[in-house]
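What follows is my_file.tsv (TSV, C-alpha atoms).
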```
chain	number	residue	atom	x	y	z
A	1	MET	CA	116.82	114.94	219.33
A	2	ALA	CA	120.52	115.78	219.32
A	3	LEU	CA	122.78	113.96	221.74
A	4	LYS	CA	124.17	116.41	224.30
A	5	HIS	CA	127.45	116.44	226.19
A	6	GLY	CA	127.99	118.50	229.33
A	7	ARG	CA	125.64	121.02	230.91
A	8	ALA	CA	124.85	124.44	229.47
A	9	GLY	CA	126.05	127.35	231.59
A	10	LYS	CA	127.87	125.14	234.09
A	11	THR	CA	130.79	127.56	234.57
A	12	LEU	CA	128.54	130.55	235.21
A	13	ARG	CA	126.26	128.54	237.45
A	14	ASN	CA	129.25	127.49	239.55
A	15	LYS	CA	130.36	131.12	239.84
A	16	LEU	CA	126.88	132.13	241.00
A	17	SER	CA	126.92	129.31	243.55
A	18	LYS	CA	130.26	130.56	244.91
A	19	VAL	CA	128.87	134.09	245.28
A	20	ALA	CA	125.84	132.69	247.13
A	21	VAL	CA	128.11	130.69	249.46
A	22	VAL	CA	130.25	133.75	250.24
A	23	LEU	CA	127.19	135.86	251.00
A	24	GLY	CA	125.74	133.08	253.15
A	25	MET	CA	128.98	132.72	255.10
A	26	MET	CA	129.12	136.46	255.73
A	27	GLY	CA	125.54	136.42	256.97
A	28	PHE	CA	126.23	133.41	259.19
A	29	SER	CA	129.40	135.03	260.58
A	30	THR	CA	127.43	138.17	261.43
A	31	TRP	CA	124.79	136.11	263.20
A	32	LEU	CA	127.40	134.14	265.15
A	33	ILE	CA	129.36	137.23	266.22
A	34	ILE	CA	126.20	138.93	267.48
A	35	LYS	CA	125.06	135.82	269.32
A	36	ILE	CA	128.40	135.43	271.09
A	37	SER	CA	129.39	139.07	271.63
A	38	VAL	CA	126.00	140.64	272.24
A	39	PRO	CA	123.74	137.87	273.62
A	40	TRP	CA	120.86	140.23	274.35
A	41	LEU	CA	120.61	140.91	270.60
A	42	ALA	CA	120.43	137.20	269.76
A	43	PRO	CA	116.66	137.25	268.98
A	44	VAL	CA	117.21	139.79	266.19
A	45	ALA	CA	120.57	138.39	265.02
A	46	PRO	CA	119.05	136.68	261.95
A	47	LEU	CA	117.46	139.97	260.92
A	48	LEU	CA	120.75	141.82	261.32
A	49	ALA	CA	122.58	139.13	259.34
A	50	ALA	CA	120.02	139.49	256.55
A	51	LEU	CA	120.55	143.26	256.65
A	52	VAL	CA	124.30	142.77	256.14
A	53	ILE	CA	123.66	140.59	253.08
A	54	PHE	CA	121.16	143.11	251.73
A	55	ARG	CA	123.67	145.94	252.10
A	56	LEU	CA	126.29	143.90	250.28
A	57	LEU	CA	123.87	143.31	247.44
A	58	GLU	CA	123.30	147.06	247.24
A	59	ASP	CA	126.98	147.57	246.38
A	60	LYS	CA	127.15	148.52	242.70
A	61	ASP	CA	130.08	146.24	241.85
A	62	VAL	CA	128.56	143.22	243.63
A	63	SER	CA	125.14	143.85	242.12
A	64	ARG	CA	126.59	144.33	238.61
A	65	ASN	CA	128.64	141.13	238.87
A	66	ILE	CA	125.68	139.04	240.04
A	67	SER	CA	123.44	140.51	237.35
A	68	ALA	CA	125.99	139.79	234.61
A	69	LEU	CA	126.50	136.20	235.80
A	70	SER	CA	122.75	135.60	236.05
A	71	LYS	CA	122.01	136.99	232.59
A	72	GLY	CA	124.91	135.06	231.10
A	73	TYR	CA	123.76	131.81	232.67
A	74	ALA	CA	120.15	132.36	231.55
A	75	GLY	CA	121.31	133.03	228.00
A	76	GLU	CA	123.56	129.97	227.78
A	77	ALA	CA	120.92	127.69	229.33
A	78	TYR	CA	118.26	128.93	226.90
A	79	VAL	CA	120.44	128.51	223.81
A	80	GLY	CA	121.47	125.08	225.07
A	81	LYS	CA	117.83	123.97	225.19
A	82	VAL	CA	117.27	125.30	221.68
A	83	LEU	CA	120.28	123.41	220.30
A	84	GLU	CA	119.19	120.17	221.92
A	85	THR	CA	116.12	120.17	219.66
A	86	LEU	CA	118.36	119.50	216.65
A	87	PRO	CA	117.62	116.11	215.03
A	88	SER	CA	119.56	112.95	215.76
A	89	GLY	CA	122.82	112.92	213.90
A	90	TRP	CA	123.88	116.18	215.54
A	91	ARG	CA	125.96	116.45	218.71
A	92	VAL	CA	125.76	119.42	221.06
A	93	PHE	CA	128.57	120.12	223.53
A	94	HIS	CA	128.09	122.58	226.37
A	95	ASP	CA	130.72	124.53	228.29
A	96	LEU	CA	133.95	123.18	226.80
A	97	ASP	CA	137.24	123.85	228.55
A	98	LEU	CA	139.94	125.50	226.45
A	99	GLY	CA	142.22	126.20	229.41
A	100	GLY	CA	141.65	129.69	230.78
A	101	GLU	CA	138.34	130.20	229.01
A	102	ASN	CA	135.31	128.18	228.01
A	103	VAL	CA	133.31	127.72	224.82
A	104	ASP	CA	129.60	128.15	225.49
A	105	HIS	CA	128.45	125.59	222.90
A	106	LEU	CA	129.99	123.41	220.21
A	107	VAL	CA	127.75	121.91	217.53
A	108	ILE	CA	128.94	119.00	215.39
A	109	GLY	CA	126.81	117.48	212.67
A	110	PRO	CA	126.49	116.61	208.99
A	111	GLY	CA	126.95	120.27	208.06
A	112	GLY	CA	130.25	120.76	209.89
A	113	VAL	CA	131.56	122.04	213.22
A	114	PHE	CA	130.45	125.30	214.83
A	115	SER	CA	131.46	127.15	218.01
A	116	LEU	CA	128.80	129.37	219.57
A	117	GLU	CA	129.48	132.33	221.85
A	118	VAL	CA	126.29	133.48	223.60
A	119	LYS	CA	125.69	137.03	224.83
A	120	ASN	CA	122.61	138.17	226.72
A	121	TYR	CA	122.78	141.95	226.25
A	122	SER	CA	120.16	144.56	226.95
A	123	GLY	CA	119.59	147.23	224.32
A	124	LYS	CA	120.00	147.11	220.58
A	125	VAL	CA	122.81	145.03	219.05
A	126	THR	CA	123.87	145.99	215.53
A	127	ALA	CA	126.05	143.80	213.33
A	128	THR	CA	127.66	145.53	210.35
A	129	PRO	CA	130.29	144.39	207.83
A	130	THR	CA	132.89	146.46	209.67
A	131	GLY	CA	131.94	146.12	213.34
A	132	LEU	CA	129.57	145.02	216.12
A	133	TYR	CA	127.79	147.55	218.34
A	134	ASN	CA	125.69	147.41	221.49
A	135	LYS	CA	123.84	150.60	222.41
A	136	GLY	CA	126.08	152.38	219.93
A	137	GLU	CA	129.34	151.18	221.54
A	138	ARG	CA	131.73	149.07	219.50
A	139	GLN	CA	132.19	145.48	220.76
A	140	ASP	CA	135.49	144.35	219.23
A	141	LYS	CA	136.35	142.22	222.24
A	142	ILE	CA	133.65	139.60	221.73
A	143	VAL	CA	134.30	139.44	217.98
A	144	LYS	CA	137.93	138.62	218.72
A	145	GLN	CA	136.81	136.15	221.40
A	146	ALA	CA	134.63	134.23	218.94
A	147	TRP	CA	137.44	133.94	216.39
A	148	ARG	CA	140.06	133.08	219.02
A	149	GLN	CA	137.96	130.22	220.36
A	150	SER	CA	137.23	128.82	216.90
A	151	HIS	CA	140.95	128.88	216.03
A	152	LYS	CA	141.83	127.12	219.28
A	153	LEU	CA	139.17	124.48	218.66
A	154	ARG	CA	140.49	123.94	215.14
A	155	GLU	CA	143.90	123.14	216.63
A	156	LEU	CA	142.38	120.73	219.15
A	157	LEU	CA	139.88	119.00	216.87
A	158	GLY	CA	141.85	119.01	213.64
A	159	VAL	CA	139.00	120.42	211.52
A	160	GLU	CA	137.67	123.80	210.49
A	161	VAL	CA	135.42	125.31	213.17
A	162	VAL	CA	132.99	128.06	212.16
A	163	PRO	CA	132.28	130.66	214.88
A	164	ILE	CA	128.80	132.08	215.48
A	165	LEU	CA	127.79	134.89	217.84
A	166	VAL	CA	124.34	134.31	219.34
A	167	PHE	CA	122.47	137.17	220.97
A	168	VAL	CA	119.69	136.60	223.49
A	169	GLY	CA	118.36	140.06	224.10
A	170	ASP	CA	116.08	142.89	223.23
A	171	GLU	CA	116.90	143.58	219.58
A	172	LEU	CA	119.36	142.44	216.92
A	173	GLU	CA	119.97	144.10	213.57
A	174	GLY	CA	122.24	142.53	210.96
A	175	SER	CA	123.55	139.03	210.44
A	176	ARG	CA	127.33	139.30	209.99
A	177	VAL	CA	130.43	141.11	211.20
A	178	GLY	CA	132.75	140.54	208.29
A	179	ARG	CA	132.81	136.72	207.92
A	180	LEU	CA	131.51	136.17	211.47
A	181	MET	CA	127.86	135.07	211.57
A	182	VAL	CA	125.52	136.68	214.11
A	183	LYS	CA	122.23	134.96	214.93
A	184	ARG	CA	119.22	134.89	217.22
A	185	PRO	CA	118.47	131.63	219.09
A	186	ARG	CA	115.38	130.91	216.96
A	187	GLU	CA	117.50	131.02	213.79
A	188	LEU	CA	119.94	128.33	214.85
A	189	VAL	CA	118.04	125.07	214.32
A	190	PRO	CA	116.72	125.99	210.83
A	191	PHE	CA	120.21	127.13	209.85
A	192	PHE	CA	121.89	123.88	210.92
A	193	ARG	CA	119.16	121.65	209.47
A	194	ASN	CA	119.45	123.23	206.03
A	195	LEU	CA	123.22	122.79	205.72
A	196	PRO	CA	124.49	120.30	203.12
A	197	LYS	CA	126.45	117.27	204.29
A	198	VAL	CA	130.18	118.01	204.22
A	199	TRP	CA	131.85	114.83	205.52
A	200	GLU	CA	131.58	111.10	206.14
A	201	TYR	CA	130.31	109.50	209.33
A	202	LYS	CA	133.74	108.08	210.26
A	203	GLU	CA	135.32	111.55	210.23
A	204	PHE	CA	132.37	112.89	212.21
A	205	LEU	CA	132.83	110.29	214.96
A	206	GLU	CA	136.55	111.00	215.26
A	207	VAL	CA	135.93	114.72	215.82
A	208	VAL	CA	133.19	113.89	218.36
A	209	ARG	CA	135.65	111.74	220.31
A	210	ARG	CA	138.16	114.60	220.41
A	211	ALA	CA	135.49	117.04	221.54
A	212	GLU	CA	134.38	114.71	224.36
A	213	ARG	CA	137.80	115.19	225.98
A	214	LEU	CA	137.07	118.91	226.39
A	215	VAL	CA	133.84	118.48	228.36
A	216	LYS	CA	134.28	119.60	231.98
```
Represent the structure contained in this file as structure tokens.
Amino acid sequence: MALKHGRAGKTLRNKLSKVAVVLGMMGFSTWLIIKISVPWLAPVAPLLAALVIFRLLEDKDVSRNISALSKGYAGEAYVGKVLETLPSGWRVFHDLDLGGENVDHLVIGPGGVFSLEVKNYSGKVTATPTGLYNKGERQDKIVKQAWRQSHKLRELLGVEVVPILVFVGDELEGSRVGRLMVKRPRELVPFFRNLPKVWEYKEFLEVVRRAERLVK
């Protein structure tokens, strides 16, 4: 099994925890205000506090944000588990800090260094030589994100870093957007295992040490 560093989806999990804390505090504040201001309603204060939280969750922006965070976390956690089944000799880094943004996964092994950006989209994703589409809408932003992160990692690690977009979702068609690889989670381990060795163990260890400094 591959040696792992960090925890998959940690950033998104922390964001979800903060949302839960805020909602809990608002519910508690509602309960406390009712108990102090309207004592005769104290027996039903917990129910009213729960109603406030429920109404907040009905807000489209709040609901959309929680859904996006939850799907993102589920996707990163799932891909992380898949990557950890790589054989010994591979290192898997989760949730690396680039300052202002995070890399979902970094894989270092005999076949090179790879940065993985995970997306958990609903609907069909289509990768073509000239563009990436989800439900027919062009997704240039995440293509640029994948390349930007790989370039930043190359500066920090001192080696070439190959970006890969990984889609956890309903349907994926195509395998590349230009030179950018696009894969399903189940394709990752066979892909990495079949790569030829590209460097010596000493170089590998040096890059691993540099990557360890980026783990949150």
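Near range 132-149 of chain A, within 8 Å and counting all atoms listed in the file, sit Leu98, Val103, Ser115, Leu116, Glu117, Tyr121, Gly123, Lys124, Val125, Thr126, Ala127, Thr128, Lys152, Leu153, Pro163, Ile164, Leu165, Val177 and Leu180 of chain A, not including residues fewer than 3 positions from it in the same chain.
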Give as an mmCIF file with C-alpha atoms, in the frame of the given file each residue that has an atom at most 6 Å from (129.7, 112.1, 214.3) in the file, counting all atoms listed in the file.
```cif
data_model
loop_
_atom_site.group_PDB
_atom_site.id
_atom_site.type_symbol
_atom_site.label_atom_id
_atom_site.label_comp_id
_atom_site.auth_asym_id
_atom_site.auth_seq_id
_atom_site.Cartn_x
_atom_site.Cartn_y
_atom_site.Cartn_z
ATOM 1 C CA TYR A 201 130.310 109.500 209.330
ATOM 2 C CA PHE A 204 132.370 112.890 212.210
ATOM 3 C CA LEU A 205 132.830 110.290 214.960
ATOM 4 C CA VAL A 208 133.190 113.890 218.360
#
```
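The two atoms in question, CA of Val168 in chain A and CA of Val79 in chain A, are spaced 8.1 Å apart.
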Residue neighbourhood Val118 in chain A, 7 Å, only C-alpha atoms, exclusion window fewer than 2 positions, as JSON, numbers by chain: {"A": [75, 76, 104, 116, 120, 165, 166, 167]}
Nearest-residue call for Lys119 in chain A, choices A:Val159, A:Leu83, A:Ala74, A:Leu96, using only C-alpha atoms: A:Ala74
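Of the listed residues (A:Leu86, A:Leu106, A:Leu157, A:Ile66), A:Leu86 comes nearest to Arg193 in chain A; the distances count only C-alpha atoms.
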Shell of 9 Å around His5 in chain A, all atoms listed in the file, local chain residues under 4 positions omitted, as a list in words: Arg91, Val92, Phe93, His94, Asp95, Glu212 and Val215 of chain A
With distances taken over all atoms listed in the file, which of A:Met25, A:Val182, A:Ile108, A:Ile36 is nearest to Lys197 in chain A? A:Ile108
Any idea what's packed within 8 Å of Asp97 in chain A, counting all atoms listed in the file, ignoring anything in its chain fewer than 3 positions away? Could you give it as an MDAnalysis selection string? chainID A and resid 100:103 214:216
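Our summary of the geometry notes that CA of Lys183 in chain A is positioned 19.6 Å from CA of Glu160 in chain A.
The smallest atom-to-atom distance between Val107 in chain A and any of A:Leu12, A:Val198, A:Met1, A:Val161, using all atoms listed in the file, is found for A:Val161.
Note that CA of Trp90 in chain A and CA of Pro110 in chain A are 7.1 Å apart.
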Set up a box along x, y and z of the file covering all listed atoms of range 167-181 of chain A, add 5 Å on every one of the six sides, and write the centre and edge lengths in Å to one decimal, as JSON.
```
{"center_x": 124.4, "center_y": 139.6, "center_z": 216.0, "size_x": 26.7, "size_y": 19.0, "size_z": 26.2}
```
Got a sec: who's within 12 Å of Leu16 in chain A, counting all atoms listed in the file, leaving out chain neighbours fewer than 2 positions off, as a compact mmCIF listing (two decimals) with C-alpha atoms, in the coordinates of the input?
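Writing done, so here's out.txt:
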```
# COMPACT_ATOMS: atom_id res chain seq x y z
CA GLY A 9 126.05 127.35 231.59
CA LYS A 10 127.87 125.14 234.09
CA THR A 11 130.79 127.56 234.57
CA LEU A 12 128.54 130.55 235.21
CA ARG A 13 126.26 128.54 237.45
CA ASN A 14 129.25 127.49 239.55
CA LYS A 18 130.26 130.56 244.91
CA VAL A 19 128.87 134.09 245.28
CA ALA A 20 125.84 132.69 247.13
CA VAL A 21 128.11 130.69 249.46
CA VAL A 22 130.25 133.75 250.24
CA LEU A 23 127.19 135.86 251.00
CA VAL A 62 128.56 143.22 243.63
CA SER A 63 125.14 143.85 242.12
CA ASN A 65 128.64 141.13 238.87
CA ILE A 66 125.68 139.04 240.04
CA SER A 67 123.44 140.51 237.35
CA ALA A 68 125.99 139.79 234.61
CA LEU A 69 126.50 136.20 235.80
CA SER A 70 122.75 135.60 236.05
CA LYS A 71 122.01 136.99 232.59
CA GLY A 72 124.91 135.06 231.10
CA TYR A 73 123.76 131.81 232.67
CA ALA A 74 120.15 132.36 231.55
```
